[in-house]
Amino acid sequence: MASTGAGEGNKTTAGSSLHSKTLLKSQSLYQYILESTVFPREPDYLRELRVATATHPMAGMAASPDEVQLLGLLIEMLGAKNAVEVGVFTGYSLLATALALPDNGKIVAIDVTRESYDQIGSPVIDKAGVAHKIDFRVGLALPVLDQMVAEEGNKGRFDFAFVDADKVNFLNYHERLLQLVRVGGLIAYDNTLWGGSVVASPDEPLAAATREFNAAIAADPRVHVCQVAIADGLTLCRRVA
């Protein structure tokens, strides 16, 4: 159920690391976006998990609330039923995906550990009534994705994928996901402007890896691509071949 307003809880937590991932020059403008558009339409359980995630020492690893809202809208527009998420952390974006999918939808969630998910996300996801949609697979993403590709019936089965994991492997994930996501499906890659470091510090290792990924994706004829200046960069790839 969507909440009816931003509330003081949203105002006091909006400056936390979870909410400060934006390329906007004005923090006041970003706060306005959150309070005018994001928080008033935010499902109650998603708000609960957002606030709980903000207490984690590594809260900045989570997707931003405006980005999560966009992903949920895209999933609904796709009519998606099957999804993949690479990189789970507390499960904040995972919950948004689960809420956007139909009741018989499924998400394969991949992470090297369930610790933050079990401690923070899982109890909220259980309360939200969407735990049955989640197939959590613990392990390094590449072997898990390779196993998925090898499983009968998985090629072209998925409608949507969200990648928020180690940036140096984005191109490797891309090759696997293009086999798993159907033609017309969408793959979303987080952090693809890396807080602006792709131009501010282009030789920094992660910025260099991100620039390499962005160049490869822009030249990939198998996808139509759009770079969105939300959070610290979100690349959307619609598979066309």
# chains A, B, ... in the order shown; residues from 1 in each chain; ligands from 1
>>> residues_around(residues="Val112 in chain A", least_positions_apart="2", cutoff="6 Å", atoms="only C-alpha atoms", output="list in words")
Val138, Gly139 and Leu140 of chain A
>>> write_last_selection(atoms="C-alpha atoms", output="mmCIF file, in the first residue's frame")
data_model
loop_
_atom_site.group_PDB
_atom_site.id
_atom_site.type_symbol
_atom_site.label_atom_id
_atom_site.label_comp_id
_atom_site.auth_asym_id
_atom_site.auth_seq_id
_atom_site.Cartn_x
_atom_site.Cartn_y
_atom_site.Cartn_z
ATOM 1 C CA VAL A 138 24.451 -17.307 -2.808
ATOM 2 C CA GLY A 139 27.724 -17.224 -4.698
ATOM 3 C CA LEU A 140 29.905 -15.301 -7.100
#
>>> closest_atom_pairs(of="range 62-165 of chain A", to="range 26-39 of chain A", cutoff="10 Å", atoms="only C-alpha atoms", output="CSV")
residue,atom,partner,partner_atom,distance
A:Ser64,CA,A:Leu34,CA,9.9
A:Pro65,CA,A:Val38,CA,6.9
A:Asp66,CA,A:Val38,CA,6.0
A:Glu67,CA,A:Val38,CA,9.4
A:Val68,CA,A:Val38,CA,9.2
A:Gln69,CA,A:Val38,CA,6.8
A:Leu70,CA,A:Val38,CA,9.5
>>> residues_around(residues="range 226-239 of chain A", least_positions_apart="6", cutoff="6 Å", atoms="only C-alpha atoms", output="ChimeraX atom specification")
/A:21-23,64,183-195
>>> select_by_dssp(residues="range 3-235 of chain A", states="strand (DSSP E)", output="count of residues only")
40
>>> residues_around(residues="Arg211 in chain A", least_positions_apart="4", cutoff="8 Å", atoms="only C-alpha atoms", output="PyMOL selection string")
chain A and resi 192+198+202+207+215
>>> closest_residue(among="A:Leu101, A:Val86, A:Lys106, A:Gln119", to="Thr53 in chain A", atoms="only C-alpha atoms")
A:Gln119
>>> atom_distance(atom1="CA of Val144 in chain A", atom2="CA of Asp111 in chain A")
9.4 Å
>>> residues_around(residues="Ile110 in chain A", least_positions_apart="6", cutoff="12 Å", atoms="only C-alpha atoms", output="MDAnalysis selection string")
chainID A and resid 83:91 94 117 134:145 147:148 161:165 173
